[in-house]
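One file, query.txt, carrying compact mmCIF, C-alpha atoms:
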```txt
# COMPACT_ATOMS: atom_id res chain seq x y z
CA MET U 10 12.01 -0.93 24.89
CA TRP U 11 10.60 -3.70 22.71
CA PRO U 12 11.98 -7.14 23.65
CA TYR U 13 14.19 -8.45 20.85
CA HIS U 14 13.73 -12.10 19.85
CA PRO U 15 15.54 -12.53 16.52
CA ASP U 16 14.53 -16.19 16.31
CA LEU U 17 10.88 -15.10 15.97
CA LEU U 18 11.71 -12.71 13.13
CA GLU U 19 13.63 -15.16 10.93
CA THR U 20 10.77 -16.21 8.67
CA PRO U 21 9.93 -13.87 5.76
CA VAL U 22 6.27 -12.83 5.90
CA PRO U 23 3.89 -10.82 3.66
CA ARG U 24 2.59 -7.33 4.40
CA TYR U 25 -0.95 -8.75 4.07
CA THR U 26 -2.58 -6.10 1.91
CA SER U 27 -4.82 -9.01 0.93
CA TYR U 28 -5.48 -12.59 1.93
CA PRO U 29 -4.65 -14.75 0.13
CA THR U 30 -1.69 -12.65 -1.04
CA ALA U 31 -0.73 -11.95 -4.66
CA ALA U 32 1.99 -14.60 -4.31
CA ASP U 33 -0.78 -17.18 -4.09
CA PHE U 34 -2.61 -16.15 -7.28
CA GLY U 35 -3.10 -18.55 -10.15
CA PRO U 36 -5.09 -18.76 -13.40
CA LEU U 37 -8.67 -17.49 -13.23
CA GLU U 38 -11.74 -18.77 -15.00
CA SER U 39 -12.64 -16.61 -18.00
CA GLY U 40 -15.31 -13.98 -17.28
CA VAL U 41 -15.17 -14.30 -13.48
CA LEU U 42 -14.15 -10.67 -12.92
CA GLU U 43 -16.92 -9.43 -15.20
CA ARG U 44 -19.50 -11.40 -13.22
CA HIS U 45 -18.31 -9.97 -9.91
CA ILE U 46 -18.45 -6.41 -11.24
CA GLU U 47 -21.98 -7.03 -12.55
CA GLN U 48 -23.04 -8.25 -9.11
CA ALA U 49 -21.51 -5.35 -7.15
CA SER U 50 -23.82 -2.96 -5.34
CA GLY U 51 -23.70 -0.17 -2.80
CA ASP U 52 -20.43 1.66 -2.16
CA VAL U 53 -17.44 0.68 -4.30
CA SER U 54 -13.91 2.02 -4.64
CA LEU U 55 -11.64 2.45 -7.64
CA TYR U 56 -7.87 2.24 -7.95
CA LEU U 57 -6.18 3.53 -11.13
CA HIS U 58 -2.61 2.44 -11.80
CA ILE U 59 -0.23 4.75 -13.67
CA PRO U 60 2.85 2.59 -14.38
CA PHE U 61 5.28 5.40 -15.21
CA CYS U 62 7.96 7.41 -13.44
CA GLU U 63 10.24 10.09 -14.85
CA LYS U 64 13.12 8.43 -13.00
CA ILE U 65 13.19 4.83 -11.75
CA CYS U 66 14.47 4.34 -8.19
CA PHE U 67 16.83 1.43 -7.54
CA TYR U 68 14.82 0.06 -4.60
CA CYS U 69 11.37 0.14 -6.17
CA GLY U 70 9.41 -3.08 -6.65
CA CYS U 71 6.39 -1.43 -8.29
CA ASN U 72 5.19 -2.18 -11.80
CA THR U 73 6.54 0.96 -13.44
CA GLY U 74 8.69 2.14 -16.34
CA ALA U 75 10.24 5.35 -17.64
CA SER U 76 7.75 7.95 -18.89
CA GLY U 77 10.07 9.43 -21.54
CA ARG U 78 8.49 7.57 -24.49
CA ARG U 79 5.40 9.69 -25.07
CA GLN U 80 3.77 7.34 -27.58
CA ARG U 81 3.87 4.54 -25.03
CA VAL U 82 2.31 6.75 -22.34
CA GLU U 83 -0.41 8.01 -24.67
CA SER U 84 -1.36 4.52 -25.89
CA TYR U 85 -1.51 3.30 -22.29
CA LEU U 86 -3.81 6.14 -21.26
CA ALA U 87 -6.04 5.46 -24.26
CA ALA U 88 -6.35 1.84 -23.10
CA LEU U 89 -7.08 3.00 -19.54
CA HIS U 90 -9.88 5.24 -20.83
CA ARG U 91 -11.34 2.27 -22.68
CA GLU U 92 -11.14 0.11 -19.56
CA ILE U 93 -12.96 2.80 -17.58
CA GLU U 94 -15.80 2.65 -20.12
CA THR U 95 -15.86 -1.17 -20.11
CA VAL U 96 -16.01 -1.47 -16.31
CA ALA U 97 -18.60 1.31 -16.00
CA ALA U 98 -20.85 -0.45 -18.51
CA LEU U 99 -20.75 -3.61 -16.36
CA LEU U 100 -21.28 -1.93 -13.00
CA PRO U 101 -24.94 -1.79 -11.86
CA ARG U 102 -26.58 1.60 -11.55
CA ASP U 103 -27.03 1.24 -7.79
CA ALA U 104 -23.25 0.95 -7.29
CA CYS U 105 -21.85 4.27 -6.11
CA VAL U 106 -18.14 5.13 -6.27
CA ARG U 107 -17.09 6.66 -2.93
CA ARG U 108 -13.29 6.36 -3.07
CA ILE U 109 -10.89 6.82 -5.97
CA ALA U 110 -7.13 6.35 -5.60
CA PHE U 111 -4.41 7.03 -8.17
CA GLY U 112 -1.14 5.14 -7.69
CA GLY U 113 1.82 3.84 -9.57
CA GLY U 114 4.53 4.36 -10.46
CA SER U 115 3.95 8.05 -10.14
CA PRO U 116 0.63 9.45 -11.35
CA ASN U 117 2.29 12.86 -11.75
CA ALA U 118 4.65 11.36 -14.33
CA ILE U 119 1.92 11.96 -16.92
CA GLU U 120 0.87 15.43 -18.08
CA PRO U 121 -1.56 17.36 -15.84
CA ARG U 122 -4.04 17.67 -18.74
CA GLU U 123 -3.93 13.89 -19.19
CA PHE U 124 -4.75 13.45 -15.52
CA ILE U 125 -7.71 15.85 -15.78
CA ASP U 126 -8.92 13.87 -18.80
CA LEU U 127 -8.99 10.76 -16.59
CA ILE U 128 -10.91 12.64 -13.90
CA ASP U 129 -13.43 13.80 -16.51
CA ALA U 130 -13.81 10.25 -17.82
CA ILE U 131 -14.54 8.97 -14.32
CA HIS U 132 -17.21 11.62 -13.81
CA ARG U 133 -18.79 10.79 -17.17
CA ASN U 134 -18.90 7.04 -16.65
CA PHE U 135 -19.47 6.35 -12.96
CA TRP U 136 -22.06 7.35 -10.39
CA LEU U 137 -20.19 9.47 -7.81
CA GLU U 138 -21.51 10.80 -4.53
CA HIS U 139 -19.42 12.53 -1.84
CA THR U 140 -16.42 10.85 -3.44
CA GLU U 141 -12.96 11.17 -1.89
CA PHE U 142 -9.92 11.30 -4.18
CA SER U 143 -6.36 10.41 -3.24
CA ILE U 144 -3.07 10.34 -5.16
CA GLU U 145 0.54 9.19 -4.83
CA LEU U 146 3.10 11.83 -5.80
CA ASP U 147 6.77 11.98 -6.67
CA PRO U 148 8.20 15.33 -5.47
CA ARG U 149 10.78 15.24 -8.29
CA THR U 150 8.07 15.69 -10.92
CA MET U 151 5.76 18.07 -9.05
CA THR U 152 5.02 21.42 -10.71
CA SER U 153 2.72 24.35 -10.02
CA VAL U 154 0.56 23.18 -12.95
CA TRP U 155 0.22 19.80 -11.25
CA GLY U 156 -0.85 21.63 -8.12
CA GLU U 157 -3.60 23.30 -10.14
CA ALA U 158 -4.69 19.91 -11.52
CA ILE U 159 -4.91 18.44 -8.02
CA ALA U 160 -7.10 21.36 -6.97
CA GLU U 161 -9.32 21.03 -10.06
CA ALA U 162 -9.76 17.30 -9.43
CA GLY U 163 -10.80 17.90 -5.82
CA ILE U 164 -8.12 15.68 -4.31
CA THR U 165 -7.94 15.93 -0.52
CA ARG U 166 -5.54 13.08 0.32
CA ALA U 167 -2.03 12.64 -1.02
CA SER U 168 0.99 10.46 -0.30
CA MET U 169 4.46 11.77 -1.09
CA GLY U 170 7.41 9.46 -1.68
CA VAL U 171 10.11 11.04 0.48
CA GLN U 172 11.89 7.90 1.83
CA THR U 173 14.79 9.84 3.42
CA PHE U 174 16.22 13.34 3.68
CA ALA U 175 19.82 12.05 3.92
CA ALA U 176 21.57 12.96 0.65
CA HIS U 177 23.97 9.98 0.69
CA CYS U 178 21.06 7.55 1.21
CA GLN U 179 19.09 9.22 -1.59
CA LYS U 180 22.02 8.73 -3.95
CA ALA U 181 22.42 5.07 -2.93
CA ILE U 182 18.77 4.29 -3.77
CA GLY U 183 18.58 6.46 -6.91
CA ARG U 184 16.13 8.99 -5.51
CA GLU U 185 17.88 12.33 -5.19
CA GLN U 186 15.57 15.19 -4.18
CA SER U 187 16.56 18.31 -2.32
CA ASP U 188 14.87 19.62 0.80
CA ALA U 189 13.82 22.71 -1.14
CA LEU U 190 12.16 20.57 -3.81
CA ILE U 191 10.17 18.63 -1.22
CA CYS U 192 9.11 21.81 0.61
CA ARG U 193 7.99 23.39 -2.66
CA SER U 194 5.91 20.30 -3.46
CA ILE U 195 4.27 20.46 -0.04
CA ASP U 196 3.33 24.10 -0.64
CA TRP U 197 1.71 23.18 -3.95
CA VAL U 198 -0.35 20.26 -2.62
CA ARG U 199 -1.44 22.12 0.51
CA GLY U 200 -2.42 25.09 -1.64
CA ALA U 201 -4.43 22.70 -3.83
CA GLY U 202 -6.61 21.67 -0.87
CA VAL U 203 -4.92 18.48 0.33
CA THR U 204 -5.82 18.14 4.01
CA SER U 205 -4.33 14.69 4.68
CA LEU U 206 -0.72 14.44 3.52
CA ASN U 207 1.29 11.25 4.03
CA PHE U 208 5.07 10.90 3.88
CA ASP U 209 6.55 7.52 2.94
CA LEU U 210 9.79 7.03 4.89
CA MET U 211 12.15 4.05 5.08
CA TYR U 212 14.67 2.62 7.51
CA GLY U 213 17.29 -0.02 6.75
CA LEU U 214 18.54 1.88 3.69
CA PRO U 215 22.10 1.50 2.36
CA GLY U 216 24.50 3.58 4.42
CA GLN U 217 21.72 4.81 6.70
CA SER U 218 22.56 5.55 10.34
CA ARG U 219 20.28 6.15 13.28
CA GLU U 220 21.25 9.82 13.09
CA ASP U 221 20.08 9.90 9.45
CA LEU U 222 16.76 8.39 10.47
CA ALA U 223 16.39 10.82 13.39
CA ASP U 224 16.93 13.79 11.06
CA SER U 225 14.35 12.49 8.57
CA LEU U 226 11.78 11.89 11.29
CA GLU U 227 12.25 15.33 12.82
CA TYR U 228 12.14 17.10 9.47
CA THR U 229 8.98 15.21 8.54
CA ARG U 230 7.31 16.32 11.76
CA LEU U 231 8.38 19.93 11.27
CA LEU U 232 7.00 19.91 7.72
CA GLY U 233 3.61 18.92 9.12
CA ALA U 234 2.95 15.49 7.63
CA ASP U 235 -0.49 14.32 8.76
CA ARG U 236 0.39 10.66 8.25
CA ILE U 237 3.66 8.75 8.08
CA ALA U 238 4.33 5.28 6.69
CA LEU U 239 7.67 4.06 8.08
CA PHE U 240 8.69 0.97 6.13
CA GLY U 241 11.74 -1.25 6.46
CA TYR U 242 13.54 -1.40 3.12
CA ALA U 243 13.01 -4.86 1.62
CA HIS U 244 16.17 -6.00 -0.18
CA VAL U 245 15.01 -8.81 -2.50
CA PRO U 246 17.15 -8.53 -5.66
CA HIS U 247 16.15 -12.08 -6.63
CA ILE U 248 12.65 -10.66 -7.18
CA VAL U 249 13.29 -6.96 -7.91
CA LYS U 250 16.15 -7.02 -10.42
CA ARG U 251 16.83 -3.28 -10.28
CA GLN U 252 17.90 -3.71 -6.64
CA THR U 253 21.06 -5.49 -7.83
CA VAL U 254 22.76 -2.07 -8.16
CA ILE U 255 22.41 -1.55 -4.38
CA ASP U 256 25.47 -2.74 -2.46
CA ALA U 257 24.08 -5.21 0.08
CA SER U 258 27.21 -4.83 2.26
CA THR U 259 26.15 -1.24 3.09
CA LEU U 260 22.74 -2.26 4.46
CA PRO U 261 22.14 -2.11 8.24
CA ASN U 262 22.12 -5.58 9.78
CA ARG U 263 19.13 -7.28 11.34
CA ASP U 264 19.84 -5.97 14.86
CA GLU U 265 20.25 -2.41 13.60
CA ARG U 266 17.01 -2.60 11.61
CA PHE U 267 15.14 -3.61 14.75
CA ALA U 268 16.71 -0.69 16.64
CA MET U 269 15.68 1.69 13.84
CA ALA U 270 12.11 0.44 13.90
CA GLN U 271 12.04 1.02 17.67
CA GLN U 272 13.59 4.47 17.21
CA GLY U 273 10.97 5.49 14.67
CA PHE U 274 8.07 4.26 16.79
CA ASP U 275 9.36 5.96 19.94
CA TYR U 276 10.00 9.28 18.20
CA LEU U 277 6.65 9.52 16.44
CA ALA U 278 4.59 8.21 19.36
CA GLY U 279 6.38 10.72 21.58
CA ASN U 280 5.81 13.66 19.26
CA GLY U 281 2.08 13.80 18.75
CA TYR U 282 1.45 10.91 16.35
CA GLU U 283 -0.81 7.95 17.08
CA SER U 284 0.22 4.49 15.91
CA VAL U 285 -1.83 2.95 13.13
CA GLY U 286 -0.91 -0.69 13.12
CA PHE U 287 2.82 -1.21 13.58
CA ASP U 288 4.52 0.94 10.96
CA HIS U 289 2.01 3.73 10.22
CA PHE U 290 1.34 6.87 12.23
CA ALA U 291 -1.16 9.72 12.06
CA LEU U 292 -1.92 12.97 13.84
CA PRO U 293 -4.96 12.66 16.13
CA GLY U 294 -7.23 14.66 13.81
CA ASP U 295 -6.36 12.73 10.65
CA PRO U 296 -9.08 10.38 9.30
CA MET U 297 -6.73 7.40 9.69
CA ALA U 298 -6.19 8.05 13.40
CA ILE U 299 -9.91 8.61 13.91
CA ALA U 300 -10.70 5.30 12.18
CA THR U 301 -8.13 3.50 14.33
CA ARG U 302 -9.58 4.82 17.57
CA GLY U 303 -13.08 3.93 16.39
CA GLY U 304 -12.16 0.36 15.47
CA ARG U 305 -12.86 1.05 11.76
CA LEU U 306 -9.35 0.61 10.38
CA ARG U 307 -9.13 -1.74 7.38
CA ARG U 308 -6.44 -3.24 5.19
CA ASN U 309 -6.52 -3.32 1.37
CA PHE U 310 -4.13 -3.11 -1.55
CA GLN U 311 -3.19 0.47 -0.64
CA GLY U 312 -2.29 -0.61 2.92
CA PHE U 313 -4.13 0.68 5.98
CA THR U 314 -7.31 2.56 5.12
CA ASP U 315 -10.54 3.90 6.57
CA ASP U 316 -12.39 2.78 3.43
CA ARG U 317 -15.28 0.54 4.51
CA SER U 318 -16.15 -0.81 1.07
CA ASP U 319 -15.69 -4.53 0.43
CA VAL U 320 -15.38 -3.90 -3.33
CA LEU U 321 -12.26 -2.36 -4.84
CA ILE U 322 -11.99 -2.34 -8.64
CA GLY U 323 -8.47 -2.01 -10.04
CA LEU U 324 -7.97 -0.25 -13.38
CA GLY U 325 -4.73 -0.29 -15.33
CA SER U 326 -1.96 -2.84 -15.88
CA SER U 327 -1.19 -5.02 -12.83
CA ALA U 328 -4.00 -3.39 -10.79
CA ILE U 329 -5.77 -5.78 -8.42
CA SER U 330 -9.52 -5.92 -7.84
CA GLY U 331 -10.89 -7.19 -4.54
CA PHE U 332 -14.34 -8.63 -3.80
CA PRO U 333 -15.48 -10.74 -0.84
CA GLY U 334 -15.22 -13.86 -2.98
CA LEU U 335 -12.52 -12.92 -5.50
CA LEU U 336 -9.11 -11.31 -5.95
CA ALA U 337 -8.20 -10.62 -9.59
CA GLN U 338 -5.11 -8.98 -11.08
CA ASN U 339 -4.98 -7.25 -14.44
CA GLU U 340 -2.39 -8.18 -17.03
CA LYS U 341 1.06 -7.01 -15.86
CA ASN U 342 2.56 -6.63 -19.32
CA ASN U 343 1.70 -3.14 -20.56
CA GLY U 344 1.61 -4.17 -24.21
CA ARG U 345 -0.81 -7.03 -23.65
CA TYR U 346 -2.89 -4.89 -21.29
CA ARG U 347 -3.20 -2.18 -23.96
CA MET U 348 -4.20 -4.71 -26.61
CA LEU U 349 -6.94 -6.32 -24.49
CA SER U 350 -8.31 -3.05 -23.13
CA SER U 351 -8.45 -1.49 -26.59
CA GLN U 352 -10.75 -4.39 -27.55
CA ALA U 353 -13.07 -3.59 -24.62
CA ARG U 354 -11.91 -6.75 -22.84
CA LEU U 355 -10.92 -6.93 -19.18
CA SER U 356 -7.38 -8.25 -18.87
CA ALA U 357 -7.51 -10.06 -15.50
CA SER U 358 -6.67 -13.73 -15.97
CA HIS U 359 -4.74 -14.19 -12.72
CA GLY U 360 -6.05 -14.22 -9.16
CA ILE U 361 -7.84 -16.45 -6.69
CA ALA U 362 -11.39 -17.29 -5.66
CA ARG U 363 -11.68 -16.72 -1.90
CA SER U 364 -13.23 -19.67 -0.10
CA ALA U 365 -15.21 -19.33 3.12
CA LEU U 366 -12.12 -20.51 5.02
CA ASP U 367 -9.97 -17.92 3.21
CA ARG U 368 -12.38 -15.22 4.34
CA LEU U 369 -12.32 -16.50 7.91
CA ARG U 370 -8.53 -16.56 8.02
CA GLY U 371 -8.31 -13.22 6.21
CA GLY U 372 -10.64 -11.65 8.75
CA VAL U 373 -8.42 -12.81 11.61
CA ILE U 374 -5.27 -11.51 9.90
CA GLU U 375 -6.88 -8.14 9.18
CA ALA U 376 -8.22 -7.80 12.73
CA LEU U 377 -4.82 -8.60 14.25
CA LEU U 378 -3.04 -6.02 12.07
CA CYS U 379 -5.71 -3.32 12.35
CA GLN U 380 -7.19 -3.72 15.83
CA GLY U 381 -4.47 -5.76 17.52
CA SER U 382 -6.85 -8.55 18.50
CA ALA U 383 -9.15 -11.14 16.97
CA ALA U 384 -11.73 -13.71 18.04
CA LEU U 385 -10.65 -17.15 16.87
CA SER U 386 -12.90 -19.99 15.86
CA PRO U 387 -12.31 -23.17 17.88
CA CYS U 388 -10.83 -24.80 14.77
CA LEU U 389 -8.33 -22.00 14.11
CA LEU U 390 -7.37 -21.86 17.77
CA SER U 391 -6.77 -25.59 17.84
CA ASN U 392 -4.65 -25.48 14.68
CA THR U 393 -2.45 -22.57 15.81
CA ARG U 394 -2.21 -22.95 19.59
CA ASP U 395 1.20 -24.67 19.52
CA ARG U 396 2.67 -22.13 17.08
CA LEU U 397 1.30 -19.27 19.17
CA ARG U 398 2.94 -20.59 22.32
CA PRO U 399 6.39 -18.94 21.82
CA PHE U 400 4.70 -15.56 21.43
CA VAL U 401 2.36 -16.04 24.39
CA ASP U 402 5.13 -17.40 26.64
CA ARG U 403 7.32 -14.34 25.91
CA GLY U 404 4.54 -11.84 26.54
CA LEU U 405 4.15 -10.79 22.89
CA ALA U 406 0.59 -12.09 22.62
CA LYS U 407 -2.18 -12.99 25.03
CA LEU U 408 -4.90 -15.64 24.79
CA ASP U 409 -8.10 -15.09 26.76
CA GLY U 410 -10.45 -17.91 25.85
CA VAL U 411 -10.82 -17.59 22.07
CA LYS U 412 -9.63 -13.97 21.96
CA LEU U 413 -6.06 -13.44 20.78
CA SER U 414 -4.46 -10.05 21.47
CA ILE U 415 -1.08 -8.63 20.48
CA THR U 416 0.53 -6.88 23.45
CA ASP U 417 2.41 -3.57 23.28
CA ASP U 418 5.67 -5.54 23.41
CA GLY U 419 4.42 -7.69 20.53
CA LEU U 420 3.83 -4.85 18.05
CA PRO U 421 6.95 -5.52 15.93
CA TYR U 422 5.92 -9.17 15.75
CA ALA U 423 2.39 -8.43 14.51
CA ARG U 424 2.94 -9.61 10.93
CA VAL U 425 4.65 -12.79 12.14
CA ILE U 426 1.78 -13.56 14.52
CA ALA U 427 -0.75 -12.85 11.76
CA SER U 428 1.13 -15.19 9.41
CA LEU U 429 0.39 -18.12 11.74
CA PHE U 430 -3.16 -18.05 10.34
CA ASP U 431 -1.97 -18.08 6.72
CA ALA U 432 -2.55 -21.51 5.20
CA TYR U 433 -0.48 -20.74 2.08
CA ARG U 434 2.83 -19.73 3.60
CA ALA U 435 4.66 -23.06 3.66
CA GLU U 436 5.13 -22.96 -0.12
CA THR U 437 5.84 -19.28 -0.85
CA GLN U 438 7.97 -17.84 1.97
CA TYR U 439 10.88 -17.09 -0.37
CA ARG U 440 8.86 -14.33 -2.03
CA PHE U 441 8.79 -12.08 1.00
CA SER U 442 11.11 -9.88 3.05
CA THR U 443 11.88 -10.06 6.76
CA ALA U 444 9.25 -8.82 9.20
CA ILE U 445 11.45 -5.95 10.45
```

Written as structure tokens, how would this file's structure read?
Amino acid sequence: MWPYHPDLLETPVPRYTSYPTAADFGPLESGVLERHIEQASGDVSLYLHIPFCEKICFYCGCNTGASGRRQRVESYLAALHREIETVAALLPRDACVRRIAFGGGSPNAIEPREFIDLIDAIHRNFWLEHTEFSIELDPRTMTSVWGEAIAEAGITRASMGVQTFAAHCQKAIGREQSDALICRSIDWVRGAGVTSLNFDLMYGLPGQSREDLADSLEYTRLLGADRIALFGYAHVPHIVKRQTVIDASTLPNRDERFAMAQQGFDYLAGNGYESVGFDHFALPGDPMAIATRGGRLRRNFQGFTDDRSDVLIGLGSSAISGFPGLLAQNEKNNGRYRMLSSQARLSASHGIARSALDRLRGGVIEALLCQGSAALSPCLLSNTRDRLRPFVDRGLAKLDGVKLSITDDGLPYARVIASLFDAYRAETQYRFSTAI
């Protein structure tokens, strides 16, 4: 059993899909993103954001809107096509796109033919070689035609938003989807050639019991998910306004959330899955598990990844681009994004230039979350030694010279320990959810 120290879990902390985090972004110098794209070389990755869903879930904090207004969807896709052309014209010829991810929202909220048009545009404009494609999917809008589109695009990795199989929890979060619907979607994506299928699951949902979580975990295993992301529901209605319809009095308390996190870890680790970080799991033959065992696990805006590229170019409204020296976010407002993109202008005006110290701290945070240990510079060790002491004294972390390691007992505290190396947190803690 994990030792439970609620006093060490009080402070809200980021998920650290980047460092500095998006909460620390500010105005960017004009043209800085263009310059970084022009200087990119070698392997690069692309992320395309589709900010539409057929139905909006109450819990969701993503930049997304209803897909029912076709004119809005079509004008957005036209702008995305233009942005693809603009970025491709800036990217040097020796830059090769190895990874392409479609997220949202729900990419399958658009028409399958519109998705294939995007795939064709990518092939026309970028240099691709042995490229891997991945996609996020909403089972509620999956169809056999979408399955055919996934096969035609050559997608081999997919993530399905399941969240829970408990009907009363689904209703409470506005995501009702029958078991039969999910099973049918799995058949379509497997038939399309997807070999690595992830299920997103959540604990800490309104009205959720440990029995509900146990059923969802077992059903997920029986359905053959290759990877599982088990997140704690983050209730932050002061940030995500649509969460105000969720009755906070029905949410499991802090102690119960910790017990659920333990339950999920124990079940999956005991039923053939290997832990990837703290809240992700993969079957031994999945690329994510292989990368973890080989010490090649990374962290980027999609979460844990085996993508080794240091350059990720985000396309679409609110998409974030990452370079060693820059993080830049596209315009969040869809209307303004469409206007700028239609003029062949990149819309990123918000982000942060990463200093050498940012990169040093970011490297430590990533190593702690991905490998469970990190070598500290004498300066970082000196600055954090006192704050590390409660974790070391309780056996949650271990210091051996300049090497800091998170122990097995310390796994649920990994994000909190990593946050000790975050120089920005004193001012922006209110933006985040609890660590468990």

Query raised in the report: Near U:Pro333, counting all atoms listed in the file, which residues have an atom at most 9 Å away, once you skip same-chain residues fewer than 4 positions from it, shown as a list in words?
Result: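 Contacts, with the query itself left out: Asp319, Val320, Arg363 and Arg368 of chain U.
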
Query - Atom pair atom CA of U:Gly360 / atom CA of U:Leu37: separation (Å) - result: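 Computed distance, atom CA of U:Gly360 to atom CA of U:Leu37, equals 5.8 Å.
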
Query raised in the report: Skipping near chain neighbours, those fewer than 6 positions away, what residues fall within 8 Å of U:Cys62 using all atoms listed in the file, listed as a list of chain:residue names?
Result: U:Thr73, U:Gly74, U:Ala75, U:Ser76, U:Gly114, U:Ser115, U:Pro116, U:Ala118

Report summary line: Closest of U:Phe240, U:Tyr25, U:Phe124, U:Trp11 to U:Ile426, counting only C-alpha atoms, is U:Tyr25

Query raised in the report: In Å, how far is it from atom CA of U:Glu185 to atom CA of U:Pro215?
Result: 13.9 Å

**Report entry** For atom CA of U:Arg78 and atom CA of U:Phe111, the interatomic separation in Å (one decimal)
**Finding:** 20.8 Å

Can you sort out the box for stretch 242-245 of chain U, edges along x, y and z, all listed atoms in, 3 Å on every side, with centre and edge lengths in Å to one decimal, as AutoDock Vina command-line options?
```
--center_x 14.6 --center_y -5.1 --center_z 0.3 --size_x 9.2 --size_y 13.4 --size_z 11.6
```

Query raised in the report: With all atoms listed in the file as the atoms that count, which of U:Arg91, U:His177, U:Arg24, U:Arg317 lies nearest to U:Leu355?
Result: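 Of U:Arg91, U:His177, U:Arg24, U:Arg317, the one nearest U:Leu355 is U:Arg91, counting all atoms listed in the file.
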
**Report entry** Polymer residues at most 10 Å from U:Phe400, only C-alpha atoms, same-chain spacing of 2 or more positions, as number ranges by chain
**Finding:** U: 14, 17, 395-398, 402-407, 415-416, 419, 422, 425-426

Report task. Tell me, as a ChimeraX atom specification, which residues lie within 10 Å of U:Ser84, counting all atoms listed in the file; anything in the same chain fewer than 6 positions away does not count. Result -> /U:90,343-344,347-348,351

Query raised in the report: Got a sec: who's within 9 Å of stretch 264-272 of chain U, counting only C-alpha atoms, leaving out chain neighbours fewer than 4 positions off, as a list in words?
Result: Met10, Trp11, Tyr13, Pro15, Tyr212, Gly213, Ser218, Arg219, Leu222, Ala223, Leu239, Phe240, Gly241, Tyr276, Leu277, Asp288, Pro421 and Ile445 of chain U

Report task. Check the smallest atom-to-atom distance from each of U:Ala176, U:Leu429, U:Val82, U:Ile144 to U:Val203 using only C-alpha atoms, then report the winner. Result ->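 Under the stated criterion, the closest residue is U:Ile144.
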
Query raised in the report: Hey, which of U:Lys341, U:Arg230, U:Arg305, U:Arg108 ends up closest to U:Phe290? Count all atoms listed in the file.
Result: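 Closest candidate: U:Arg230.
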
Query - Shortest interatomic distance to U:Cys178 - which of U:Asn207, U:Ser382, U:Thr259, U:Gln80, counting all atoms listed in the file - result: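 Result for the nearest residue to U:Cys178: U:Thr259.
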